[in-house]
Structures are given as C-alpha cells and as structure tokens.
Amino acid sequence: MSINYEAGIKNIGDTTALKAAFERAEKGESLTIAFLGGSITQGSLASEPSKCYAARVFAWWEKTFPKARLTFVNAGIGATDSQFGCARAAEDVLSYNPDVISVEYAVNDMSTPHYMETYEGVVRKLLSAPNKPAVYTFYNVCYDNGSSAELMHSRIARHYNIPAFSMQSTIYPLLLSGEIENREITPDDLHPNDIGHDMVASVITYGLDKIRKCEVCCKAENSKAEGAQASSGDDTSASICNDASGSCNKLPAPLTANAYEDSVRYRNKNADIISNEGWTADTEPQNHITDIFKNGWTATKKGAKIAFKVSGSCIGVQYRRTIKLPAPVAVAKVDGKVAATLDGNFDETWGDKLCLDTLLDHGKGGEHIVEIEIVDAPEKSELPFYLVSVIASGNPKPLFLKPAFAHTIWGGTRLREDYGYDEPGDDIGECWGISAHKNGEGIVACGAYEGVKLSELWNTHPELFGNKAADGSRVLPYDRFPLLTKIIDAKADLSIQVHPDDEYAKVNENGSFGKTECWYVLDCPENGTLVVGHNAKDKAELSDMIKNGKWDKFIREIPVKKGDFIQIDPGTVHAIKGGILLLETQQNSDITYRVYDYDRLQNGKPRELHIDKSIDVITVPAKSASDSIKSFANTEANAVTEMYSCKYYTVSKVSVDGEFNFAIDVPFLCVSVLSGEGQLNGYKVNKGNHLILPAGTAKVELKGKMELIISNV
C-alpha cells in the first residue's frame, strides 16, 4: 500500500505559528494540542481512544518532542457539524488556551454555501483567540463515493492561509484503484477503523513533519491569501472602533456573510426564559463534552411550552432524537410562526443523536422569541423530549470608517484641531466621513472588514446593507453606495455653485448620481450667512446676471446660526461662507457646477467655471429661503429628532444624556458623532467618529453624553 502523501498537502499556508510551536516544543516548554471535529475526531469505531487519529497525531508530538510537556484535548462530538462548532469552540477548545488546533468537519458538513459560512465562523473564532494559536485543517472523505465538503472548506483554508491536508487525495485513490478494499479501513464507509485512523493520522503527521523540517514553509508576508485585505493608512488620532475589550480583528475580510462566528449557545444556566409551562431544567453536571444531553430541559406532556428571548439573525435549536421509540414530537416557533418540526424519533440503531435544526438563517436581526411546544406525546414514551439548547448568532457589528480628506483653496485647520483627525496641512476643507466615492473613499477602520474600501464592501457583501435577497439578487434601487457624509470647514468662502439632478447628471456626467444635499451647521461666526437661492425672476434674467457678472443683484444670502438645518435641492444656487463649520449629508456624487468664484486664483490660474451647465440646471425662480431652513439647536434630550426626509435620505439628530435606546428598521444606518463621547451598542464612540450600522441591527443602544447625526435611505 503506497499513499501519495505529497498529494495530501492541499495548502501550505502560513506556517509561522506552527513553526513557533515546534520550536517551543523542542525547548521542552508546555503546549496544549487540541482537536475540534465530529465523530471521527471523537474516535468513533476506533477500538480504543488511543487508536483514533487525534490520539495518534498527539502521539507523534510526544515522540517528536520528548522534552515537551504536552496536554491533549479531544473536542470531538459525534454527529455534529461546524454550525455547532461555532457555538462551542470557545467553551470546548479555547478555554484550554491551546497552542495548536486541528479542525475537521468535511464529512459532517455538506458542500453548500451555508456550511462554507459556518466553517468560516469556526476558523475565524479559533484564529481570533487572544493567544494566537496555530490552526490547521484537514478533510476526511466518504469512502464509498468520495464526497466531502472539501471544495467549500478549502476556499476558507486558502483565504485564511492555514495548512490543509486531504484524505480525498491520499486514501480515497487507493480504494478507487483497488489497492485496498473499503472494509479493510472502514466498517461503514464513513468512520475509519484502527487501520483507517492510522492512515488518516499518517497523512496529517507527514504534512506536519514536512513543515517542522522546513521542507515546506511559508510566511504570511510572502503569500497571498485569497481575498485577503491589507490595512491602509494610519488611524486618526480620535479612537476608532473600541469595543468593550478594546480589541480589533486583524484577519482578512470574510469570504461569506460570516453570521455564525459570534454564535451564542443558550442552556438552562444562561438562557433568558420568558415563559415555561411543563418543562423541567436538567441540572445534572456535565462531566465531559460528549455527555451531550445535559444542561437542557425535558418535557413529557402534550402542550408543554417554553419560550426564550434571543438576539440575532440566525437561530438554531438542539434536541435529542432517540432510538427508544416512540418519542415525543415538538414544534419550534420564531416570533409566533412555526419554523420547524422537532421529531424526537430516530430511526437508526447506532444511538441517540444530538440534532441541530436551523430555525432562522439570515432573517431579520434583533430580538426574537423562540417557543418550543410538545405537539405529540405518546403514552408509552420511554424517554421525555430533551431540548438541549438554543443557538443564536448574526448580531451585526458597527462598521467604523477611516475618513478621507480633501485639501482645498478655502480649507482650514479646524478638522484637525476640533475633531482630532490626524491630517496635516492648513487647507483641510472636507472630511469625507462616510463615503464610497472614488474621489474620497472611506475604508473600514477595524473589525472583520478592516482595510476594505466601502465601495468594495458594498459590492462583495450586499447583505451588510440589506441589499441581498434569498436568491442572491439585489433588492435596493442603487448600483453603488447611495449616501455621502462630510464635515466641511470653510475658512474662506466656497464658490457660488449649483448641482444637477439625477436625470441631468446621468446624461451629462457619465451616469453619475445627481446631488441632493443638506447641511447641519455645527458652528458659525456671529452674524454668519450662507448663500441659498438667487434673485432672478426668469431664465433670461438669470442668464443676464450670470454672464454679465451682476453678482450683487444675483446672490441671495440668508442669516444662519449654530444648529440650523438647510436642505439644498438640485438646481439651488448655494455657497458656504467663511467661518462656518457644518455636516453635510448628500447623494453619493461629486458633481458641482461653479457659477462664480470671486475671481480667485489657484496655482496662478482661475478655477474652472461651468456657466452653461449652471444655467441649464438652476431652478428659476428660487424657492423661498424659509422653505429650506429650520433650527434644531435645542432638540429634546434622549430622543431622535427627524430634520428632513426625501426620496434620497432621511436625516435626524440624536441627543444623548445618560442612556437612550431606539429601534430601527432600515437597510443600514449612517452615524456621525458631532460631540461628546459614550458607547453605541457596546462600542466606544467619541467626537469625530463615523460608522455604519449594518443590516440586521434592530436597536441602537446609547450611553454617555453626546450628539449624533444619523441618516438612512
């Protein structure tokens, strides 16, 4: 029998962490070696625990590094998949602070996008552990037909640059060629016997030994993980994205929606039970992770109900299916609607099964009520219905953004001095806080998508913006991120200008959005003014005033003060005057037509004007200034005050003093912190932060003393 071990090395990946573990073991240090997986990892059908592949791989560590003080952790649980692995990885593996982790679910998972996502959740959770363990994976195979989830799992291994070894490329070809017979290595074409476990271990240890001997080595900086994103730029001096622990994820951006990484498992010791009729908590101690029917609830009578409150967009329920028939049957409801039938009857002979059914997959985020009710309870049931746990995940995290900056002829220094942005120069005119425009691209500051441009995130992860239907199609009527938020510091007057609407811009500006915008005045001098509107009565007078420079007659200035809000529709002549600081919310567009620029020179030349296009788009006569301006200086504390709503955006001011919560039901929410500091959904925020609350965020929980501007489509 000749195994092609080289064919089994499917991905070398970054070997840095493994090499470091080998060096420590060589020195005689203490290391913990952990194995996470299903029944094969647990050792099913091995004649004794020491003959399963995990124990054999651990024995290789002991033999190779005799001076090391090694601890073995086998976290295999039979008939479980990576969806459950996400929920239990912290308790069953990471709680031991392992130095090396083997993860394997290729025959427990199916080769579907769902299991690619749940497997990614496991890998990310393991790699994100504070002690930065070495992680490798391998792919078992069904020996009768060669099936496994290797295709999906291998994409994750390549993306995260972790070593990976394959039984499909090593052991399975021996069966196809007839060199060995199935029953020599497996009784059921799934679980290896002692010989099969030994072969699996040999494929893994061959790869580990190659890495140990440096015959195959690769460092992260010398390899390109599929889809990996590099961080860009320096952090602003204002703190960005500080969660309760102050940590940020440095992994590549996820390949999938990655809703399962943060899975939480609720059992009777931590569940939020809102009602219970006829269910009994099982308080017997769980002595080992394979003692799986513990810490749950049992019920025997038809009509018994128990209800939980959980939070997330993905919900699963675990229960026992028993071979001791007949068994009770239950139904699971989410928010009053039946989501699954939980049949306690298991028509197999090998033993009772821990079953995990998905009740909600990428549904609406936020709080949900999960109810389990017994609907059939045979009188001769030998065992009660056993509800093991409810698992919830998919609680979206804020997307904090690194702003882009525009240096302008009229800019100043207040964006650095007042907001702490680490941007050099004395001509900083604009902070593009939330932007996916090519002229000022925002970049995710930290977390799972650190270093990713907002425009790229919009295209690759539409689910974050409520823009992905169940069939994968887009649901929002935008081909790009639709909004743009700026803070503008006008040290000097901006040009007299106007913006086109969507129809005009589409034809005349290469398919660009038009530009509808609004301003919220953050600060202004005493007797401050803005240009809003004009005094021409008709197009003829408009053309005459502009072409003949009758600016004193043409321009209409209005007085403004801090806290004023001004809506600027397309076709409105406008200009920000010197000394004014404001926040602008607008369509994602950078189309501006200059009407007049005070004859200023830039680099010795006048700036370009757009007279003909301006005359084309200016609305005549201009609407009354009183229709455009409102004061929101003194808004109610701990309230959301809507300032304006149109087909392009809704803009509101939020004042917080203490604690304040409010629900949202929008595709996504843009947030800019105008003043103060505090917490938003558990994350630290302070003046100058800009972030997006992605789809599935059902509630905004605020603490502190601060003012924010929020906007949504």
# chains A, B, ... in the order shown; residues from 1 in each chain; ligands from 1
call {"tool": "select_by_dssp", "arguments": {"residues": "region 276-377 of chain A", "states": "strand (DSSP E)", "output": "VMD selection string"}}
result
chain A and resid 276 to 277 280 to 281 297 to 299 305 to 311 314 to 321 329 to 334 337 to 343 353 to 360 367 to 376
call {"tool": "write_last_selection", "arguments": {"atoms": "N, CA and C atoms", "output": "compact mmCIF listing (two decimals), in the first residue's frame"}}
result
# COMPACT_ATOMS: atom_id res chain seq x y z
N ASN A 276 -42.61 29.39 30.89
CA ASN A 276 -42.34 27.96 30.98
C ASN A 276 -43.57 27.25 31.54
N GLU A 277 -44.14 26.36 30.74
CA GLU A 277 -45.28 25.57 31.17
C GLU A 277 -44.97 24.10 30.91
N THR A 280 -38.87 20.95 32.56
CA THR A 280 -38.02 20.83 33.74
C THR A 280 -36.57 20.99 33.34
N ALA A 281 -35.88 21.86 34.06
CA ALA A 281 -34.45 22.07 33.79
C ALA A 281 -33.65 20.88 34.29
N TRP A 297 -33.53 21.03 28.94
CA TRP A 297 -34.86 20.94 29.55
C TRP A 297 -35.57 19.70 29.02
N THR A 298 -36.43 19.10 29.84
CA THR A 298 -37.21 17.95 29.40
C THR A 298 -38.69 18.23 29.59
N ALA A 299 -39.50 17.58 28.76
CA ALA A 299 -40.96 17.67 28.88
C ALA A 299 -41.56 16.37 28.37
N LYS A 305 -44.97 24.06 26.96
CA LYS A 305 -44.38 25.16 26.18
C LYS A 305 -43.27 25.82 26.98
N ILE A 306 -42.25 26.23 26.26
CA ILE A 306 -41.19 27.04 26.86
C ILE A 306 -40.77 28.08 25.81
N ALA A 307 -40.53 29.31 26.25
CA ALA A 307 -40.21 30.39 25.33
C ALA A 307 -38.97 31.13 25.81
N PHE A 308 -38.10 31.48 24.86
CA PHE A 308 -36.85 32.15 25.13
C PHE A 308 -36.79 33.47 24.35
N LYS A 309 -36.05 34.40 24.89
CA LYS A 309 -35.73 35.62 24.16
C LYS A 309 -34.26 35.53 23.75
N VAL A 310 -34.01 35.64 22.44
CA VAL A 310 -32.63 35.60 21.92
C VAL A 310 -32.45 36.76 20.96
N SER A 311 -31.21 37.02 20.60
CA SER A 311 -30.90 38.11 19.68
C SER A 311 -30.02 37.60 18.56
N CYS A 314 -29.70 34.60 12.90
CA CYS A 314 -29.62 33.17 12.64
C CYS A 314 -29.89 32.44 13.96
N ILE A 315 -30.82 31.51 13.93
CA ILE A 315 -31.22 30.81 15.15
C ILE A 315 -31.32 29.31 14.86
N GLY A 316 -30.77 28.51 15.77
CA GLY A 316 -30.89 27.07 15.67
C GLY A 316 -31.35 26.49 16.99
N VAL A 317 -31.87 25.26 16.96
CA VAL A 317 -32.31 24.59 18.18
C VAL A 317 -31.72 23.18 18.19
N GLN A 318 -31.20 22.77 19.34
CA GLN A 318 -30.65 21.44 19.51
C GLN A 318 -31.59 20.60 20.37
N TYR A 319 -31.77 19.34 19.98
CA TYR A 319 -32.64 18.45 20.73
C TYR A 319 -32.19 17.01 20.51
N ARG A 320 -32.74 16.12 21.31
CA ARG A 320 -32.37 14.71 21.20
C ARG A 320 -33.32 13.97 20.28
N ARG A 321 -32.75 13.18 19.38
CA ARG A 321 -33.51 12.18 18.63
C ARG A 321 -33.07 10.83 19.16
N VAL A 329 -42.83 14.54 19.98
CA VAL A 329 -42.55 15.44 18.86
C VAL A 329 -42.92 16.85 19.28
N ALA A 330 -42.09 17.81 18.90
CA ALA A 330 -42.34 19.21 19.24
C ALA A 330 -42.31 20.06 17.98
N VAL A 331 -42.81 21.27 18.10
CA VAL A 331 -42.65 22.26 17.04
C VAL A 331 -41.89 23.44 17.63
N ALA A 332 -41.12 24.09 16.76
CA ALA A 332 -40.39 25.30 17.15
C ALA A 332 -40.96 26.48 16.39
N LYS A 333 -41.24 27.55 17.12
CA LYS A 333 -41.76 28.77 16.51
C LYS A 333 -40.79 29.92 16.75
N VAL A 334 -40.70 30.79 15.76
CA VAL A 334 -39.94 32.03 15.90
C VAL A 334 -40.91 33.18 15.71
N LYS A 337 -44.40 32.11 14.55
CA LYS A 337 -44.57 31.35 13.32
C LYS A 337 -43.79 30.04 13.41
N VAL A 338 -44.42 28.94 12.99
CA VAL A 338 -43.77 27.64 13.03
C VAL A 338 -42.57 27.64 12.08
N ALA A 339 -41.41 27.28 12.64
CA ALA A 339 -40.18 27.27 11.84
C ALA A 339 -39.67 25.86 11.58
N ALA A 340 -40.03 24.90 12.44
CA ALA A 340 -39.55 23.52 12.25
C ALA A 340 -40.34 22.57 13.13
N THR A 341 -40.41 21.32 12.67
CA THR A 341 -40.93 20.23 13.49
C THR A 341 -39.74 19.46 14.05
N LEU A 342 -39.73 19.25 15.35
CA LEU A 342 -38.61 18.60 16.02
C LEU A 342 -39.05 17.19 16.42
N ASP A 343 -38.72 16.24 15.58
CA ASP A 343 -39.16 14.85 15.77
C ASP A 343 -38.15 14.12 16.65
N LYS A 353 -29.08 10.77 18.88
CA LYS A 353 -28.38 11.81 18.11
C LYS A 353 -28.69 13.19 18.68
N LEU A 354 -27.65 14.01 18.77
CA LEU A 354 -27.81 15.43 19.07
C LEU A 354 -28.10 16.14 17.75
N CYS A 355 -29.34 16.56 17.57
CA CYS A 355 -29.78 17.13 16.30
C CYS A 355 -29.81 18.65 16.39
N LEU A 356 -29.36 19.32 15.36
CA LEU A 356 -29.38 20.77 15.28
C LEU A 356 -30.17 21.18 14.06
N ASP A 357 -31.32 21.84 14.28
CA ASP A 357 -32.16 22.33 13.19
C ASP A 357 -32.08 23.85 13.13
N THR A 358 -31.96 24.37 11.92
CA THR A 358 -31.93 25.82 11.73
C THR A 358 -33.36 26.35 11.66
N LEU A 359 -33.66 27.32 12.51
CA LEU A 359 -34.98 27.94 12.53
C LEU A 359 -35.02 29.23 11.75
N LEU A 360 -33.91 29.95 11.74
CA LEU A 360 -33.82 31.24 11.05
C LEU A 360 -32.42 31.37 10.50
N GLU A 367 -33.98 41.15 18.47
CA GLU A 367 -34.55 40.20 19.41
C GLU A 367 -35.67 39.37 18.77
N HIS A 368 -35.70 38.10 19.16
CA HIS A 368 -36.74 37.18 18.69
C HIS A 368 -37.21 36.33 19.86
N ILE A 369 -38.44 35.87 19.76
CA ILE A 369 -38.98 34.93 20.73
C ILE A 369 -39.01 33.54 20.09
N VAL A 370 -38.33 32.60 20.71
CA VAL A 370 -38.30 31.22 20.25
C VAL A 370 -39.13 30.39 21.23
N GLU A 371 -40.13 29.68 20.69
CA GLU A 371 -41.03 28.88 21.53
C GLU A 371 -40.98 27.43 21.08
N ILE A 372 -40.83 26.53 22.04
CA ILE A 372 -40.85 25.09 21.77
C ILE A 372 -42.08 24.51 22.46
N GLU A 373 -42.89 23.78 21.69
CA GLU A 373 -44.12 23.20 22.25
C GLU A 373 -44.22 21.72 21.86
N ILE A 374 -44.54 20.88 22.83
CA ILE A 374 -44.77 19.46 22.55
C ILE A 374 -46.14 19.32 21.89
N VAL A 375 -46.17 18.70 20.70
CA VAL A 375 -47.44 18.55 19.98
C VAL A 375 -47.88 17.09 19.89
N ASP A 376 -46.97 16.17 20.23
CA ASP A 376 -47.33 14.75 20.23
C ASP A 376 -46.52 14.06 21.32
call {"tool": "select_by_dssp", "arguments": {"residues": "region 143-341 of chain A", "states": "alpha helix (DSSP H)", "output": "number ranges by chain"}}
result
A: 150-159, 172-177, 182-185, 194-212
call {"tool": "residues_around", "arguments": {"residues": "Glu261 (chain A)", "least_positions_apart": "6", "cutoff": "8 Å", "atoms": "only C-alpha atoms", "output": "list of chain:residue names"}}
result
A:Cys86, A:Thr118, A:Glu120, A:Gly121, A:Val122, A:Arg124, A:Lys125, A:Ser393, A:Gly394
call {"tool": "write_last_selection", "arguments": {"atoms": "N, CA and C atoms", "output": "compact mmCIF listing (two decimals), in the first residue's frame"}}
result
# COMPACT_ATOMS: atom_id res chain seq x y z
N CYS A 86 -19.13 26.37 15.82
CA CYS A 86 -19.04 27.82 16.10
C CYS A 86 -19.50 28.12 17.52
N THR A 118 -20.56 28.61 7.97
CA THR A 118 -20.39 28.15 9.34
C THR A 118 -18.96 27.69 9.60
N GLU A 120 -16.32 28.88 8.08
CA GLU A 120 -15.54 30.11 8.20
C GLU A 120 -15.67 30.69 9.61
N GLY A 121 -16.87 30.60 10.17
CA GLY A 121 -17.07 31.08 11.53
C GLY A 121 -16.19 30.36 12.53
N VAL A 122 -16.07 29.03 12.38
CA VAL A 122 -15.19 28.26 13.27
C VAL A 122 -13.75 28.72 13.12
N ARG A 124 -12.47 31.49 11.92
CA ARG A 124 -12.23 32.84 12.41
C ARG A 124 -12.21 32.88 13.94
N LYS A 125 -13.11 32.15 14.57
CA LYS A 125 -13.15 32.16 16.03
C LYS A 125 -11.86 31.59 16.60
N SER A 393 -27.05 33.64 16.57
CA SER A 393 -25.86 34.31 16.03
C SER A 393 -26.31 35.35 15.02
N GLY A 394 -25.33 36.03 14.45
CA GLY A 394 -25.64 37.03 13.44
C GLY A 394 -26.03 38.37 14.01
call {"tool": "residues_around", "arguments": {"residues": "Ala54 (chain A)", "least_positions_apart": "2", "cutoff": "8 Å", "atoms": "only C-alpha atoms", "output": "list in words"}}
result
Phe35, Thr41, Gln42, Gly43, Cys52, Arg56, Val57, Phe58, Asn74 and Ala201 of chain A
call {"tool": "residues_around", "arguments": {"residues": "Ile692 (chain A)", "least_positions_apart": "3", "cutoff": "6 Å", "atoms": "only C-alpha atoms", "output": "list in words"}}
result
Pro398, Leu399, Leu669, Cys670 and Val671 of chain A
call {"tool": "residues_around", "arguments": {"residues": "region 577-580 of chain A", "least_positions_apart": "2", "cutoff": "10 Å", "atoms": "only C-alpha atoms", "output": "number ranges by chain"}}
result
A: 410-412, 488-496, 521-526, 528-531, 557, 560-562, 574-575, 582
call {"tool": "write_last_selection", "arguments": {"atoms": "C-alpha atoms", "output": "PDB file, in the first residue's frame"}}
result
ATOM      1  CA  TRP A 410     -10.826  77.617   1.107  1.00  0.00           C
ATOM      2  CA  GLY A 411      -9.999  74.963   3.790  1.00  0.00           C
ATOM      3  CA  GLY A 412      -8.532  75.471   7.229  1.00  0.00           C
ATOM      4  CA  ILE A 488     -16.815  70.863   5.947  1.00  0.00           C
ATOM      5  CA  ASP A 489     -14.552  73.581   7.370  1.00  0.00           C
ATOM      6  CA  ALA A 490     -14.903  76.786   5.343  1.00  0.00           C
ATOM      7  CA  LYS A 491     -12.051  79.053   6.440  1.00  0.00           C
ATOM      8  CA  ALA A 492     -12.880  81.157   3.384  1.00  0.00           C
ATOM      9  CA  ASP A 493     -15.935  81.416   1.128  1.00  0.00           C
ATOM     10  CA  LEU A 494     -16.735  78.493  -1.151  1.00  0.00           C
ATOM     11  CA  SER A 495     -17.610  79.224  -4.768  1.00  0.00           C
ATOM     12  CA  ILE A 496     -21.173  80.102  -5.773  1.00  0.00           C
ATOM     13  CA  VAL A 521     -24.490  73.978  10.995  1.00  0.00           C
ATOM     14  CA  LEU A 522     -22.011  72.877  13.657  1.00  0.00           C
ATOM     15  CA  ASP A 523     -20.530  76.321  14.258  1.00  0.00           C
ATOM     16  CA  CYS A 524     -20.589  79.749  12.687  1.00  0.00           C
ATOM     17  CA  PRO A 525     -19.484  83.290  13.495  1.00  0.00           C
ATOM     18  CA  GLU A 526     -21.859  85.893  14.866  1.00  0.00           C
ATOM     19  CA  GLY A 528     -22.944  84.274   9.875  1.00  0.00           C
ATOM     20  CA  THR A 529     -24.595  83.766   6.491  1.00  0.00           C
ATOM     21  CA  LEU A 530     -24.985  81.201   3.761  1.00  0.00           C
ATOM     22  CA  VAL A 531     -25.831  81.654   0.103  1.00  0.00           C
ATOM     23  CA  GLU A 557     -27.595  85.451   1.427  1.00  0.00           C
ATOM     24  CA  VAL A 560     -27.741  81.299   9.971  1.00  0.00           C
ATOM     25  CA  LYS A 561     -26.702  80.181  13.421  1.00  0.00           C
ATOM     26  CA  LYS A 562     -25.391  77.037  15.083  1.00  0.00           C
ATOM     27  CA  HIS A 574     -25.702  77.934  -2.826  1.00  0.00           C
ATOM     28  CA  ALA A 575     -22.380  78.564  -1.117  1.00  0.00           C
ATOM     29  CA  LEU A 582     -21.097  72.082   9.030  1.00  0.00           C
TER      30      LEU A 582
END
call {"tool": "closest_atom_pairs", "arguments": {"of": "region 598-632 of chain A", "to": "region 568-572 of chain A", "cutoff": "6 Å", "atoms": "only C-alpha atoms", "output": "tab-separated table"}}
result
residue	atom	partner	partner_atom	distance
A:Val617	CA	A:Gly571	CA	5.2
A:Ile618	CA	A:Gly571	CA	4.1
A:Thr619	CA	A:Gly571	CA	4.8
call {"tool": "residues_around", "arguments": {"residues": "Met545 (chain A)", "least_positions_apart": "6", "cutoff": "12 Å", "atoms": "only C-alpha atoms", "output": "ChimeraX atom specification"}}
result
/A:534-539,551-555,595-596,611,615
call {"tool": "write_last_selection", "arguments": {"atoms": "N, CA and C atoms", "output": "compact mmCIF listing (two decimals), in the first residue's frame"}}
result
# COMPACT_ATOMS: atom_id res chain seq x y z
N HIS A 534 -31.31 82.57 -5.26
CA HIS A 534 -30.89 83.71 -6.07
C HIS A 534 -32.10 84.62 -6.27
N ASN A 535 -31.87 85.75 -6.98
CA ASN A 535 -32.92 86.76 -7.11
C ASN A 535 -33.44 86.93 -8.54
N ALA A 536 -33.00 86.05 -9.47
CA ALA A 536 -33.50 86.16 -10.84
C ALA A 536 -34.95 85.71 -10.92
N LYS A 537 -35.73 86.43 -11.74
CA LYS A 537 -37.16 86.11 -11.85
C LYS A 537 -37.43 85.06 -12.92
N ASP A 538 -36.58 85.00 -13.95
CA ASP A 538 -36.78 84.05 -15.04
C ASP A 538 -35.43 83.68 -15.64
N LYS A 539 -35.44 82.76 -16.60
CA LYS A 539 -34.20 82.28 -17.20
C LYS A 539 -33.44 83.39 -17.91
N TRP A 551 -23.30 90.08 -9.67
CA TRP A 551 -23.35 89.20 -8.51
C TRP A 551 -24.07 89.82 -7.33
N ASP A 552 -23.94 91.11 -7.14
CA ASP A 552 -24.62 91.76 -6.01
C ASP A 552 -26.13 91.61 -6.12
N LYS A 553 -26.63 91.66 -7.35
CA LYS A 553 -28.07 91.51 -7.55
C LYS A 553 -28.49 90.03 -7.57
N PHE A 554 -27.59 89.18 -8.02
CA PHE A 554 -27.93 87.77 -8.23
C PHE A 554 -27.95 86.96 -6.92
N ILE A 555 -26.93 87.14 -6.09
CA ILE A 555 -26.73 86.27 -4.93
C ILE A 555 -27.68 86.62 -3.80
N VAL A 595 -20.59 78.60 -10.48
CA VAL A 595 -21.18 79.75 -11.17
C VAL A 595 -20.25 80.96 -11.06
N TYR A 596 -19.66 81.12 -9.88
CA TYR A 596 -18.79 82.29 -9.63
C TYR A 596 -17.81 81.92 -8.52
N ILE A 611 -20.54 77.73 -16.63
CA ILE A 611 -21.63 78.68 -16.80
C ILE A 611 -22.82 78.07 -17.53
N ILE A 615 -26.55 77.38 -15.89
CA ILE A 615 -27.79 78.00 -16.37
C ILE A 615 -28.81 76.92 -16.73
call {"tool": "closest_residue", "arguments": {"among": "A:Pro285, A:Gly146, A:Gly678, A:Gly365", "to": "Gly466 (chain A)", "atoms": "only C-alpha atoms"}}
result
A:Gly365
